[in-house]
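Heads up: the structure comes next, in structure tokens.
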Amino acid sequence: DAVILGGTIFDLLETERGPEACERLALELLPGGSRPTLEAAFDARSDEIEDAWRGYLRAIARPVPD
């Protein structure tokens with residue numbers, strides 16, 4: 001699951017902050033580990049990131065019909 005779901009974090013990050021933020025997330029681990037690194041990449045708190053991510057997952061799981 002982590003491989004599939006991990007890609008969705010990068011999709012969301014690219015949409016919200018651009019490709020440069022994705023590159024920073026992939027290449028720069030900040031002191032303190034994954035949480036501060038994600039928060040810096042999204043420029044948001046972890047609970048805000050989680051809420052946005054869950055909303056993104058709901059949206060892609062139930063696409064709008066044409």
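Labels for the structure tokens follow display order: chains A, B, ..., residues from 1 in each chain, ligands from 1.
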
Could you name the residues that touch segment 17-21 of chain A at 12 Å or less, counting only C-alpha atoms, but leaving out those on the same chain fewer than 2 positions away, as a VMD selection string?
chain A and resid 9 to 15 23 to 28 37 to 44

Go through chain A and collect every residue that DSSP, computed from the backbone, puts in helix (DSSP H, G or I); the answer should be as a PyMOL selection string.
chain A and resi 2-17+19-27+34-42+46-61

Measure the distance from atom CA of Ile49 of chain A to atom CA of Asp66 of chain A in Å and round it to one decimal.
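About the pair atom CA of Ile49 of chain A and atom CA of Asp66 of chain A: they are 28.9 Å apart.
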
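Ranking A:Ser46, A:Gly55, A:Cys22, A:Val64 by their shortest atom-to-atom distance to Gly6 of chain A, with only C-alpha atoms included, puts A:Cys22 first.
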
Counting only C-alpha atoms, what is within 12 Å of Ala59 of chain A, bar same-chain residues fewer than 6 positions away, as a ChimeraX atom specification?
/A:8,12,52-53,65

Quick check, in Å to one decimal: how far apart do atom CA of Arg58 of chain A and atom CA of Val3 of chain A lie?
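Those two atoms sit 17.8 Å apart.
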